[in-house]
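Peer 1: One structure, pasted below without further comment.
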Amino acid sequence: MGKVNTKVQSVKKRINTEKVILIVLSVLFSLYAITLFFPMLWIFYNSVRHGSDFVFRQWQVTPLTIRNYVNLFKETPMLTMVLNSLVLAIVTSTFQIFATASMAHATASFRWRGSSIFYFIAISVMFIPTSGTLGIVYRLMSDLNLLDLHIGVVILASNGMGFSFLMLYSVYKNISPTYAEAAEIDGAGYWRRFLTIITPQAGATLIAMWILGFIGCWNDYAFPKIFLPSHKTLAVGVYEFSTKASQTGGTGYPQLFAAISISIIPILILFLVFQKQIMTISVGGGIKE
Amino acid sequence: MKKFAKKMMSLALATVACFTMIFATACGGNKGSTGDSGYDLRITYFDGGYGQGWITEGAKRFEELTGKKVGLIPSSEFDCGADIYLQSGKNLSDIYIIESSMWKGWVKSGYLEPLDSVYDTEVDTASGKQKISDFMDQQVKGKYYLERKIGNGMMQPWALPLGATPNAMAYNCDVLEVLPHNGVALSEEVVSSQTGLWIAPPRTVSELKAFIDDVNAYNATIPEGETKYVPLGWCGKNANILFYAIYSWWAQAQGYQTSNYEGEGSFADFWNFGNTSGDTRSHTLDTRVFLQTGLQVAIDTLIDILVDEDTDQWKNTLEDVMSISSQDLQKTFVSNSVKVKPVLVFAASYLESETIKYNYLDSDGDGQRDVNFKFMPVPKLDGYEGKDVVYCSYEDVMVVPQKATNKELAKQFLAFMCNQDNLEMFTKETKGCMRPFNYDARNIQGGNFSEYTQGVFDLYYNSLHAFEYPINCTDLLSVSNVYRYERPTFIGNDIDAFVKALKTENGRKIMTDIYNSINSHDVSTWVKNYRLTVVQ
Amino acid sequence: MTNSLVNKTGKHKNGMTRRHRKQMIFIFTLMLFPIFQWLIFWLYPNVTNFVLPFTTYDFFEGKIVFVGFENLLTEFEKVFSTPATRNAFLNSWRALPINFIILPISVIVGYAFSKHVPGERIFRILFFIPSIISTVTLVLCFKYIFEYAPSADLTGPGAVLLHKIGIDWHGWNMEYPQQVWPMIYIYCIWAGFSVNVIMISSAMQRIPESLIESAKLDGTGFWRELWSIRIPLIMPTISVFIINSIMCVTSFFLVPMTFMTTKGPEGIFDTFPWLMLRHVEENGLDPSTMIAVSTLGFILMIFLTPIILVTKAVTDKITPDVSF
């Protein structure tokens with residue numbers, strides 16, 4: 001009896017220690033969360049202040065204004081940049097999931113000789129490290145007359161391989177073939193079955209992948225900067241604003257902050273609306289090799 | 001309900017996706033694709049620096065003369081982003097006006113049209129008709145000649161220069177007038193013996209040092225809370241402003257065209273990088289050019305003024321000078337809205353027009369400019385007896401693409417803009433910028449040029465122009481390929497490292513030890529690319 | 001219901017049924033775009049990337065010629081002899097130790113999540129946010145908090161704080177790389193660890209509860225459980241994370257570029273990927289640029305590949321041979 005009591009006591013002690021550790025960690029996480037949001041809030045707050053207030057009365061409470069946002073759209077090609085980002089992100093992520101879904105469906109849903117080769121090709125891009133292809137790809141895009149065209153960046157970014165493929169592959173593999181077979185018997189062709197029966201069953205994953213693809217394209221700096229130089233996107237534009245802001249002295253910063261806020265807020269909203277889907281597929285399940 | 005909302009969202013996204021896919025595939029066109037219908041001549045120009053007045057007026061005059069419609073397309077990039085259009089040949093303008101030296105690479109790639117016929121065209125000048133190639137500043141002309149293919153032996157002109165911008169210094173007249181001189185008596189021409197105040201800016205380096213000491217002393221008497229002064233302003237973020245002084249002193253010390261040091265060549269000779277061959281397939285490279293004594297003298301003079309030997313920190317200038325850009329510098333110089341102001345700055349001829357553009361001149365809005373300032377030459381080295389030496393830039397050019405639709409009209413326009421009345425119009429519209437042709441901007445009627453600009457003219461027409469080109473080289477074929485295709489400076493591309501070295505090293509160490517050409521320049525690449533023979 | 005399949009079945013010459021042939025045509029059409037894209041934009045560039053470092057561009061003849069190891073050796077030598085190239089090379093590797101600091105933090109946070117730390121749900125959402133905001137924006141947010149540029153009238157709250165606690169912070173000043181780089185590290189950790197937390201915590205959550213329970217009964221403490229049980233069992237996930245981190249070396253440019261905008265004297269802030277980007281931006285259409293960029297990548301890969309292989313071998317060795 002005494003032995004059991006001791007064991008119970010020691011277990012209780014361990015649980016208490018664990019609770020204390022978790023509470024301490026919770027406090028640390030809260031502090032971290034504050035440091036995460038403080039800069040964004042500070043930037044947003046200063047984006048709705050006058051430039052001169054920001055410079056000369058930084059720590060005082062001053063009247064707010066939306067002038068920076070208005071000026072941003074009036075004096076800079078901000079609207080074009082937002083539209084460019086939007087078009088690029090929507091079209092690219094659509095092409096991406098189409099390419100990935102096609103590849104996954106072809107290799108997962110059918111048994112045929114050679115499917116394993118293509119499966120291997122599709123996942124090999126994840127394992128083979130490469131560096132230095134930028135010059136070659138640039139030259140290639142130029143030779144194919146795809147340089148400085150939206151569709152060029154879309155095609156370049158729409159590979160159906162890699163991690164997304166792996167995820168969709170396992171999703172398609174787990175889709176029960178019953179519905180498709182029934183549809184086949186009813187006379188539905190391959191495309192019909194793919195688009196109207198199989199794909200909706202992977203709907204949740206596809207939507208989440210689309211959203212992640214959208215976010216990735218919206219935030220991308222390198223591809224639009226190099227391959228779409230005449231049509232600046234938001235990420236490229238914000239970077240350029242930041243290099244030029246210092247030239248106007250401190251009073252130009254609130255307008256830059258307005259640009260930064262515009263590049264954050266839509267993404268935050270998108271994320272908060274769809275956070276469940278996004279986080280479910282971002283889990284990835286971990287890789288078992 | 002949530003499911004329905006999500007379904008609606010998906011449907012909306014799909015619809016938008018379809019429309020944007022159609023939109024994206026259909027458009028994705030390049031800038032300039034709209035608005036080019038109905039134009040006989042399309043000109044894309046970098047919309048900065050010179051402003052729009054001159055090109056708009058030029059286009060108008062050309063239209064009146066020829067009846068052809070001219071379309072003007074401004075670009076926010078130095079090279080008009082022309083790379084892509086030149087390569088594809090699509091949506092090409094007929095003329096590109098750029099502030100970039102990228103055009104030499106375009107020649108190599110075959111994207112440009114040679115301008116031999118333009119250079120041979122006769123234009124109207126004050127002394128009758130002259131060929132453009134004769135009317136042009138003869139020292140500068142050679143800069144725009146290249147071989148279409150390296151080694152083919154045919155030098156052709158590929159660009160026309162746009163502006164000639166002298167770069168020197170500017171001084172704050174208001175402070176100068178009240179600045180007392182302490183120390184050794186100076187010439188009556190700069191310091192009044194009656195009032196003991198400065199009456200003209202320093203003309204030599206020792207007068208400059210005295211001026212600097214006087215400003216520091218004056219600054220010490222200013223109570224806290226009032227505007228303070230530093231003697232000399234420069235900008236760490238655009239540190240090539242230091243070249244304004246270095247080139248001037250370098251040419252003075254080394255010899256502008258004739259060398260003062262035997263075996264070293266003159267300042268002009270430097271820019272040929274020791275080439276002795278008149279056959280572009282067998283150029284030589286003599287890296288001893290980087291060891292010119294005059295250059296070390298210039299660097300040491302600068303270090304003496306800007307660096308505190310004991311602490312290895314900057315002196316006589318703005319705090320945090322390394323984080324100041326050229327616009328920041330302009331603002332501190334002309335505007336009263338700052339707490340610390342430089343009395344002297346390194347300044348280009350366009351200082352005034354840029355400060356007008358950025359609204360720095362009248363920060364308190366009382367209708368009068370905050371600061372009265374004038375252009376001045378970089379003070380001469382002590383003992384130098386010749387003319388002032390001014391560092392001039394001639395890097396902005398006009399080029400015609402090889403695949404342009406209206407090449408002949410484009411060339412006609414370029415030649416038209418070289419008529420003297422159009423050159424004078426250019427100078428008027430740009431508020432005082434000259435073009436490198438043999439006309440005198442001081443004689444322009446109705447120019448209404450400001451005092452600052454008149455000071456620019458005075459200096460430009462009474463000085464030796466120091467710039468990057470081997471003016472002693474009369475044979476175009478023996479101008480080094482390194483100059484033609486690489487345009488290196490004396491320190492390579494890493495100006496930040498040079499500025500950092502100024503703090504701790506001296507001129508000799510910088511040029512012979514740290515910055516001997518092997519390390520700071522890509523000599524091995526030059527040797528390989530241009531098949532150079534290295535002499536030393 | 002007629003079995004229409006029976007009528008359609010009929011063997012053809014090559015043994016493929018008509019149905020099978022239709023299926024193969026469909027599969028082929030499906031894969032057309034992805035495979036073509038892969039061939040043109042992955043296979044071709046990577047194969048060429050392997051060949052180009054052994055060539056050079058002849059300006060006089062205007063073509064690419066094979067030169068063996070000459071080009072590679074020249075560029076390699078610059079890594080040792082030219083300060084600018086050497087700094088760019090060494091700076092590219094700074095990404096590596098940063099990731100090895102991030103890893104334990106991610107693991108501890110992930111562990112805390114799987115132990116249902118108070119506020120877990122909210123923290124999961126909040127910590128995800130850095131990964132959905134663009135690097136440029138996030139860097140700028142951090143940068144302006146710590147901005148210190150008195151000549152431009154700008155002092156951020158972070159700079160004020162640092163000065164108050166006695167740190168002589170000079171701002172994002174290229175004259176003080178010894179201050180700037182540690183701040184960049186702090187940024188990378190601040191923005192970087194949360195990305196992997198979700199993956200790690202869900203990998204931990206897949207560990208059978210029974211294992212954990214029996215460990216608890218054996219008297220395993222909080223940290224002991226993490227070290228001896230959880231970490232070994234999620235080793236595959238961790239090893240993927242480690243390999244990805246090592247690969248970050250090939251794309252480490254955006255962070256220093258956005259902070260400093262200039263490569264600094266002697267490339268004190270430069271990296272190889274940034275150098276490659278500048279080559280393409282300045283002279284992308286010149287064939288010599290392709291060769292220069294490929295050579296830089298090749299030099300990186302010479303060092304990266306053995307590191308990756310060794311890491312993989314080591315992590316495979318210390319991964320326990322269990323399945324669950």
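Residues in the structure tokens are named by chain (A, B, ... in the order shown) and by number from 1 within that chain; ligands are numbered from 1 in the order shown.
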May I have the residues within 10 Å of range 108-113 of chain A as a ChimeraX atom specification, using only C-alpha atoms and disregarding those fewer than 2 positions away in the same chain?

Peer 2: /A:102-106,115-117,119,168-177,194,198 /C:20,23-24,27

Peer 1: Just the selected residues (C-alpha atoms), exported as a CSV table (one decimal), in the first residue's frame, please.

Peer 2:
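Saved file selection-v6.csv follows:
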```csv
chain,number,residue,atom,x,y,z
A,102,SER,CA,-3.6,15.6,-63.2
A,103,MET,CA,-0.3,14.1,-62.3
A,104,ALA,CA,-1.6,12.6,-59.1
A,105,HIS,CA,-4.7,11.2,-60.7
A,106,ALA,CA,-2.7,9.7,-63.5
A,115,SER,CA,3.3,4.6,-63.3
A,116,SER,CA,6.0,4.1,-60.7
A,117,ILE,CA,8.5,5.7,-63.0
A,119,TYR,CA,5.8,8.7,-59.5
A,168,LEU,CA,-2.5,14.6,-53.6
A,169,TYR,CA,-1.2,11.2,-54.5
A,170,SER,CA,-2.1,9.8,-51.2
A,171,VAL,CA,-5.5,11.6,-51.2
A,172,TYR,CA,-6.3,10.1,-54.7
A,173,LYS,CA,-5.1,6.7,-53.7
A,174,ASN,CA,-7.5,6.7,-50.8
A,175,ILE,CA,-10.5,7.7,-52.8
A,176,SER,CA,-12.9,4.8,-53.2
A,177,PRO,CA,-13.2,3.8,-56.8
A,194,PHE,CA,-12.0,13.1,-63.2
A,198,ILE,CA,-13.0,12.2,-58.4
C,20,HIS,CA,-7.0,0.1,-71.8
C,23,GLN,CA,-7.3,4.8,-70.6
C,24,MET,CA,-3.7,5.2,-71.6
C,27,ILE,CA,-3.4,9.3,-68.8
```

Peer 1: For the strand (DSSP E or B) assignment from backbone DSSP, which residues of range 9-70 of chain C qualify? Please present them as a ChimeraX atom specification.

Peer 2: /C:11,17,55-58,63-66

Peer 1: Could you save the residues just selected, with N, CA and C atoms, as an mmCIF file, in the first residue's frame?

Peer 2:
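Output file result23.cif follows:
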```
data_model
loop_
_atom_site.group_PDB
_atom_site.id
_atom_site.type_symbol
_atom_site.label_atom_id
_atom_site.label_comp_id
_atom_site.auth_asym_id
_atom_site.auth_seq_id
_atom_site.Cartn_x
_atom_site.Cartn_y
_atom_site.Cartn_z
ATOM 1 N N LYS C 11 -9.411 -8.399 -77.537
ATOM 2 C CA LYS C 11 -7.951 -8.232 -77.536
ATOM 3 C C LYS C 11 -7.485 -7.686 -78.872
ATOM 4 N N THR C 17 -6.316 -3.953 -74.424
ATOM 5 C CA THR C 17 -7.732 -3.862 -74.735
ATOM 6 C C THR C 17 -8.041 -2.452 -75.189
ATOM 7 N N THR C 55 32.376 25.316 -69.285
ATOM 8 C CA THR C 55 32.473 26.049 -70.543
ATOM 9 C C THR C 55 32.824 27.487 -70.251
ATOM 10 N N THR C 56 33.046 28.235 -71.311
ATOM 11 C CA THR C 56 33.193 29.681 -71.202
ATOM 12 C C THR C 56 32.629 30.319 -72.456
ATOM 13 N N TYR C 57 32.363 31.615 -72.396
ATOM 14 C CA TYR C 57 31.781 32.285 -73.545
ATOM 15 C C TYR C 57 32.847 33.088 -74.260
ATOM 16 N N ASP C 58 33.049 32.804 -75.510
ATOM 17 C CA ASP C 58 34.057 33.496 -76.309
ATOM 18 C C ASP C 58 33.418 34.741 -76.926
ATOM 19 N N LYS C 63 30.322 32.543 -79.093
ATOM 20 C CA LYS C 63 29.685 31.259 -78.785
ATOM 21 C C LYS C 63 30.301 30.639 -77.535
ATOM 22 N N ILE C 64 29.590 29.627 -77.047
ATOM 23 C CA ILE C 64 30.023 28.937 -75.831
ATOM 24 C C ILE C 64 30.995 27.826 -76.214
ATOM 25 N N VAL C 65 32.154 27.791 -75.560
ATOM 26 C CA VAL C 65 33.138 26.752 -75.873
ATOM 27 C C VAL C 65 33.480 25.970 -74.611
ATOM 28 N N PHE C 66 33.809 24.716 -74.826
ATOM 29 C CA PHE C 66 34.130 23.831 -73.720
ATOM 30 C C PHE C 66 35.587 24.049 -73.299
#
```

Peer 1: Could you check the closest approach to chain C for each of A:His150, A:Lys74, A:Arg139, A:Lys276 and tell me which residue wins, using only C-alpha atoms?

Peer 2: A:Arg139

Peer 1: Quick one, how far is CA of Phe89 in chain C from CA of Lys237 in chain B?

Peer 2: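 Distance reported for this atom pair: 24.0 Å.
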
Peer 1: Could the residues of chain C within 7 Å of chain A, counting only C-alpha atoms, be given as a ChimeraX atom specification, please?

Peer 2: /C:26-27,30-31,33-34,37-38,41,45-46,49,112,117-118,126,132-134,136-137,141-142,145,152-154,198-199,202-203,221-222,236-237,247,250,280-281,284-285,289-290,293-294,296-298,301

Peer 1: Go ahead and write the residues just picked, N, CA and C atoms, as a short mmCIF file (atom, residue, chain, number, x, y, z; two decimals), in the first residue's frame.

Peer 2:
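Resulting contents of again.cif:
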```cif
data_model
loop_
_atom_site.label_atom_id
_atom_site.label_comp_id
_atom_site.auth_asym_id
_atom_site.auth_seq_id
_atom_site.Cartn_x
_atom_site.Cartn_y
_atom_site.Cartn_z
N PHE C 26 -5.94 8.79 -72.12
CA PHE C 26 -6.37 9.76 -71.11
C PHE C 26 -5.23 10.09 -70.15
N ILE C 27 -4.55 9.05 -69.69
CA ILE C 27 -3.44 9.27 -68.76
C ILE C 27 -2.36 10.11 -69.43
N LEU C 30 -3.45 13.65 -69.55
CA LEU C 30 -3.37 14.24 -68.21
C LEU C 30 -1.96 14.69 -67.89
N MET C 31 -1.01 13.83 -68.21
CA MET C 31 0.37 14.10 -67.79
C MET C 31 1.12 14.99 -68.77
N PHE C 33 0.93 18.19 -69.79
CA PHE C 33 1.42 19.48 -69.32
C PHE C 33 2.45 19.33 -68.21
N PRO C 34 2.16 18.59 -67.12
CA PRO C 34 3.16 18.50 -66.06
C PRO C 34 4.49 17.92 -66.53
N GLN C 37 6.29 20.42 -68.74
CA GLN C 37 6.81 21.49 -67.89
C GLN C 37 8.06 21.02 -67.17
N TRP C 38 8.01 19.77 -66.69
CA TRP C 38 9.16 19.21 -65.98
C TRP C 38 10.35 19.08 -66.90
N PHE C 41 11.45 22.87 -67.93
CA PHE C 41 11.83 23.82 -66.89
C PHE C 41 12.54 23.18 -65.70
N PRO C 45 17.11 22.61 -67.64
CA PRO C 45 18.00 23.52 -66.91
C PRO C 45 18.98 22.79 -66.01
N ASN C 46 18.53 21.72 -65.33
CA ASN C 46 19.45 21.07 -64.40
C ASN C 46 20.54 20.29 -65.10
N ASN C 49 22.83 22.89 -66.34
CA ASN C 49 23.52 23.45 -65.19
C ASN C 49 24.76 22.64 -64.83
N ALA C 112 5.26 21.26 -26.72
CA ALA C 112 4.31 21.93 -25.83
C ALA C 112 2.89 21.86 -26.41
N VAL C 117 -0.53 22.73 -24.22
CA VAL C 117 -0.18 23.91 -23.42
C VAL C 117 -1.39 24.85 -23.36
N PRO C 118 -1.60 25.54 -22.24
CA PRO C 118 -2.75 26.46 -22.17
C PRO C 118 -2.72 27.48 -23.30
N LEU C 126 -1.86 31.73 -34.27
CA LEU C 126 -0.98 32.89 -34.30
C LEU C 126 0.40 32.55 -34.84
N ILE C 132 2.69 32.81 -43.63
CA ILE C 132 1.83 33.22 -44.73
C ILE C 132 2.07 34.65 -45.15
N ILE C 133 2.89 35.37 -44.41
CA ILE C 133 3.20 36.74 -44.80
C ILE C 133 4.50 36.74 -45.57
N SER C 134 4.59 37.56 -46.60
CA SER C 134 5.77 37.51 -47.46
C SER C 134 7.02 37.90 -46.67
N VAL C 136 9.50 39.68 -47.59
CA VAL C 136 9.82 41.10 -47.72
C VAL C 136 9.06 41.91 -46.68
N THR C 137 7.77 41.66 -46.58
CA THR C 137 6.95 42.42 -45.65
C THR C 137 7.37 42.19 -44.21
N CYS C 141 8.80 44.91 -41.54
CA CYS C 141 8.19 45.18 -40.23
C CYS C 141 9.27 45.16 -39.15
N PHE C 142 10.11 44.16 -39.17
CA PHE C 142 11.18 44.02 -38.17
C PHE C 142 12.19 45.16 -38.34
N ILE C 145 11.09 48.61 -37.01
CA ILE C 145 11.02 48.66 -35.55
C ILE C 145 12.39 49.01 -35.00
N ALA C 152 17.91 60.84 -41.20
CA ALA C 152 16.64 60.74 -41.91
C ALA C 152 15.48 60.84 -40.94
N ASP C 153 15.75 61.27 -39.72
CA ASP C 153 14.70 61.46 -38.71
C ASP C 153 13.92 60.21 -38.42
N LEU C 154 14.58 59.10 -38.28
CA LEU C 154 13.81 57.89 -38.04
C LEU C 154 14.45 57.05 -36.96
N ILE C 198 3.95 23.27 -36.54
CA ILE C 198 2.75 22.49 -36.86
C ILE C 198 3.15 21.09 -37.28
N MET C 199 4.15 21.04 -38.16
CA MET C 199 4.57 19.74 -38.68
C MET C 199 5.09 18.85 -37.55
N SER C 202 2.26 17.69 -35.07
CA SER C 202 1.36 16.65 -35.57
C SER C 202 2.10 15.34 -35.72
N ALA C 203 3.40 15.40 -36.03
CA ALA C 203 4.18 14.17 -36.07
C ALA C 203 4.22 13.55 -34.67
N GLY C 221 10.15 11.97 -16.89
CA GLY C 221 9.75 13.36 -16.66
C GLY C 221 9.42 14.06 -17.97
N PHE C 222 9.06 15.34 -17.86
CA PHE C 222 8.65 16.15 -19.01
C PHE C 222 9.72 16.20 -20.07
N PRO C 236 12.22 10.85 -38.61
CA PRO C 236 12.04 11.08 -40.04
C PRO C 236 11.60 12.51 -40.34
N THR C 237 10.66 13.04 -39.55
CA THR C 237 10.22 14.41 -39.76
C THR C 237 11.37 15.39 -39.53
N MET C 247 19.29 22.93 -47.46
CA MET C 247 19.00 23.45 -48.80
C MET C 247 18.74 24.95 -48.81
N THR C 250 20.97 27.53 -50.57
CA THR C 250 20.92 27.89 -52.00
C THR C 250 19.94 29.02 -52.28
N VAL C 280 21.78 38.00 -63.11
CA VAL C 280 20.66 37.85 -64.04
C VAL C 280 19.94 39.18 -64.22
N GLU C 281 19.81 39.94 -63.16
CA GLU C 281 19.11 41.23 -63.28
C GLU C 281 19.87 42.19 -64.16
N GLY C 284 20.97 39.53 -67.89
CA GLY C 284 20.39 38.20 -68.00
C GLY C 284 20.48 37.55 -69.36
N LEU C 285 20.52 38.36 -70.43
CA LEU C 285 20.44 37.78 -71.76
C LEU C 285 21.81 37.39 -72.31
N THR C 289 26.42 35.22 -68.66
CA THR C 289 25.73 35.26 -67.36
C THR C 289 25.29 33.87 -66.96
N MET C 290 24.75 33.10 -67.92
CA MET C 290 24.32 31.73 -67.63
C MET C 290 25.48 30.94 -67.05
N VAL C 293 26.45 32.15 -63.46
CA VAL C 293 25.48 31.73 -62.43
C VAL C 293 25.59 30.23 -62.18
N SER C 294 25.70 29.45 -63.25
CA SER C 294 25.85 28.00 -63.08
C SER C 294 27.09 27.66 -62.28
N LEU C 296 28.63 29.50 -60.06
CA LEU C 296 28.42 29.80 -58.64
C LEU C 296 27.61 28.69 -57.97
N GLY C 297 26.55 28.25 -58.65
CA GLY C 297 25.72 27.19 -58.09
C GLY C 297 26.50 25.90 -57.93
N PHE C 298 27.35 25.63 -58.91
CA PHE C 298 28.14 24.40 -58.88
C PHE C 298 29.07 24.40 -57.67
N MET C 301 27.17 23.65 -54.65
CA MET C 301 26.75 22.26 -54.56
C MET C 301 27.91 21.33 -54.23
#
```

Peer 1: Give one line per residue of chain A that approaches chain B to at most 10 Å, naming the two atoms of the closest pair and their distance in Å to one decimal, counting only C-alpha atoms; sort by chain then ascending residue number and deliver it as JSON lines.

Peer 2:
```
{"residue": "A:Asn84", "atom": "CA", "partner": "B:Ala24", "partner_atom": "CA", "distance": 9.4}
{"residue": "A:Leu86", "atom": "CA", "partner": "B:Thr20", "partner_atom": "CA", "distance": 9.0}
{"residue": "A:Val87", "atom": "CA", "partner": "B:Thr20", "partner_atom": "CA", "distance": 6.0}
{"residue": "A:Leu88", "atom": "CA", "partner": "B:Ala24", "partner_atom": "CA", "distance": 8.0}
{"residue": "A:Ala89", "atom": "CA", "partner": "B:Ala17", "partner_atom": "CA", "distance": 9.7}
{"residue": "A:Ile90", "atom": "CA", "partner": "B:Ala17", "partner_atom": "CA", "distance": 6.0}
{"residue": "A:Val91", "atom": "CA", "partner": "B:Met21", "partner_atom": "CA", "distance": 5.8}
{"residue": "A:Thr92", "atom": "CA", "partner": "B:Met21", "partner_atom": "CA", "distance": 9.1}
{"residue": "A:Ser93", "atom": "CA", "partner": "B:Ala17", "partner_atom": "CA", "distance": 9.5}
{"residue": "A:Thr94", "atom": "CA", "partner": "B:Ala17", "partner_atom": "CA", "distance": 7.3}
{"residue": "A:Phe95", "atom": "CA", "partner": "B:Met21", "partner_atom": "CA", "distance": 9.4}
{"residue": "A:Ser142", "atom": "CA", "partner": "B:Ser88", "partner_atom": "CA", "distance": 7.7}
{"residue": "A:Asp143", "atom": "CA", "partner": "B:Ser88", "partner_atom": "CA", "distance": 8.5}
{"residue": "A:Leu144", "atom": "CA", "partner": "B:Ser88", "partner_atom": "CA", "distance": 9.8}
{"residue": "A:Asn145", "atom": "CA", "partner": "B:Ser88", "partner_atom": "CA", "distance": 7.0}
{"residue": "A:Leu146", "atom": "CA", "partner": "B:Gly28", "partner_atom": "CA", "distance": 9.7}
{"residue": "A:Leu147", "atom": "CA", "partner": "B:Ile84", "partner_atom": "CA", "distance": 7.4}
{"residue": "A:Asp148", "atom": "CA", "partner": "B:Asn30", "partner_atom": "CA", "distance": 7.3}
{"residue": "A:Leu149", "atom": "CA", "partner": "B:Gly28", "partner_atom": "CA", "distance": 4.7}
{"residue": "A:His150", "atom": "CA", "partner": "B:Gly28", "partner_atom": "CA", "distance": 5.1}
{"residue": "A:Ile151", "atom": "CA", "partner": "B:Thr25", "partner_atom": "CA", "distance": 5.9}
{"residue": "A:Gly152", "atom": "CA", "partner": "B:Gly28", "partner_atom": "CA", "distance": 8.9}
{"residue": "A:Val154", "atom": "CA", "partner": "B:Ala24", "partner_atom": "CA", "distance": 9.5}
{"residue": "A:Ile207", "atom": "CA", "partner": "B:Ser10", "partner_atom": "CA", "distance": 8.1}
{"residue": "A:Leu228", "atom": "CA", "partner": "B:Gly28", "partner_atom": "CA", "distance": 9.3}
{"residue": "A:Pro229", "atom": "CA", "partner": "B:Gly81", "partner_atom": "CA", "distance": 7.8}
{"residue": "A:Ser230", "atom": "CA", "partner": "B:Lys31", "partner_atom": "CA", "distance": 6.9}
{"residue": "A:His231", "atom": "CA", "partner": "B:Asn30", "partner_atom": "CA", "distance": 8.2}
{"residue": "A:Ser246", "atom": "CA", "partner": "B:Ser325", "partner_atom": "CA", "distance": 7.9}
{"residue": "A:Gln247", "atom": "CA", "partner": "B:Gln327", "partner_atom": "CA", "distance": 5.6}
{"residue": "A:Thr248", "atom": "CA", "partner": "B:Gln327", "partner_atom": "CA", "distance": 7.5}
{"residue": "A:Gly249", "atom": "CA", "partner": "B:Asp328", "partner_atom": "CA", "distance": 6.7}
{"residue": "A:Val273", "atom": "CA", "partner": "B:Lys6", "partner_atom": "CA", "distance": 9.9}
{"residue": "A:Phe274", "atom": "CA", "partner": "B:Lys6", "partner_atom": "CA", "distance": 9.4}
```

Peer 1: Each residue of chain C with at least one atom at most 7 Å from chain B should appear once, together with its nearest atom pair and the corresponding distance in Å (one decimal); atoms considered: only C-alpha atoms; ordering: chain, then increasing residue number; output as a tab-separated table.

Peer 2:
```
residue	atom	partner	partner_atom	distance
C:Asp58	CA	B:Asn529	CA	6.5
C:Phe59	CA	B:Asn529	CA	5.8
C:Phe60	CA	B:Ile150	CA	5.5
C:Thr82	CA	B:Asn519	CA	5.9
C:Ala149	CA	B:Ser323	CA	7.0
C:Ser151	CA	B:Ile324	CA	6.8
C:Asn173	CA	B:Ser323	CA	6.8
C:Gly264	CA	B:Asp496	CA	6.0
C:Pro265	CA	B:Ala497	CA	3.9
C:Glu266	CA	B:Ala497	CA	5.4
```

Peer 1: Please produce an output containing C-alpha atoms for each residue in the selection, written as a short mmCIF file (atom, residue, chain, number, x, y, z; two decimals), in the first residue's frame.

Peer 2:
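File part.cif, as written:
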```cif
data_model
loop_
_atom_site.label_atom_id
_atom_site.label_comp_id
_atom_site.auth_asym_id
_atom_site.auth_seq_id
_atom_site.Cartn_x
_atom_site.Cartn_y
_atom_site.Cartn_z
CA ASP C 58 34.06 33.50 -76.31
CA PHE C 59 33.24 37.17 -76.91
CA PHE C 60 35.12 37.26 -80.17
CA THR C 82 38.89 37.81 -53.62
CA ALA C 149 18.89 56.79 -38.88
CA SER C 151 19.87 62.00 -40.42
CA ASN C 173 24.42 50.48 -40.90
CA GLY C 264 28.14 46.35 -48.39
CA PRO C 265 31.89 46.91 -48.59
CA GLU C 266 33.64 43.76 -49.83
#
```

Peer 1: Could you pull out the helix (DSSP H, G or I) residues of range 5-226 of chain C from DSSP and send them as a ChimeraX atom specification?

Peer 2: /C:5-8,18-54,70-81,83-92,95-114,120-131,135-145,150-152,157-164,177-205,209-217,222-226

Peer 1: Just want the 8 Å neighbourhood of Ser76 in chain B, counted on only C-alpha atoms, with same-chain residues fewer than 6 positions away dropped. Output as a short mmCIF file (atom, residue, chain, number, x, y, z; two decimals) with C-alpha atoms, in the first residue's frame.

Peer 2:
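Final output, saved to selection34.cif:
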```cif
data_model
loop_
_atom_site.label_atom_id
_atom_site.label_comp_id
_atom_site.auth_asym_id
_atom_site.auth_seq_id
_atom_site.Cartn_x
_atom_site.Cartn_y
_atom_site.Cartn_z
CA PHE B 46 13.90 57.74 -68.76
CA ASP B 47 11.67 60.13 -66.89
CA GLY B 48 14.07 61.52 -64.37
#
```

Peer 1: Skip Thr293 in chain B itself and residues of its chain fewer than 2 positions away, then list as a ChimeraX atom specification all residues within 8 Å of it, counting only C-alpha atoms.

Peer 2: /B:253-254,261,264,291,295-297
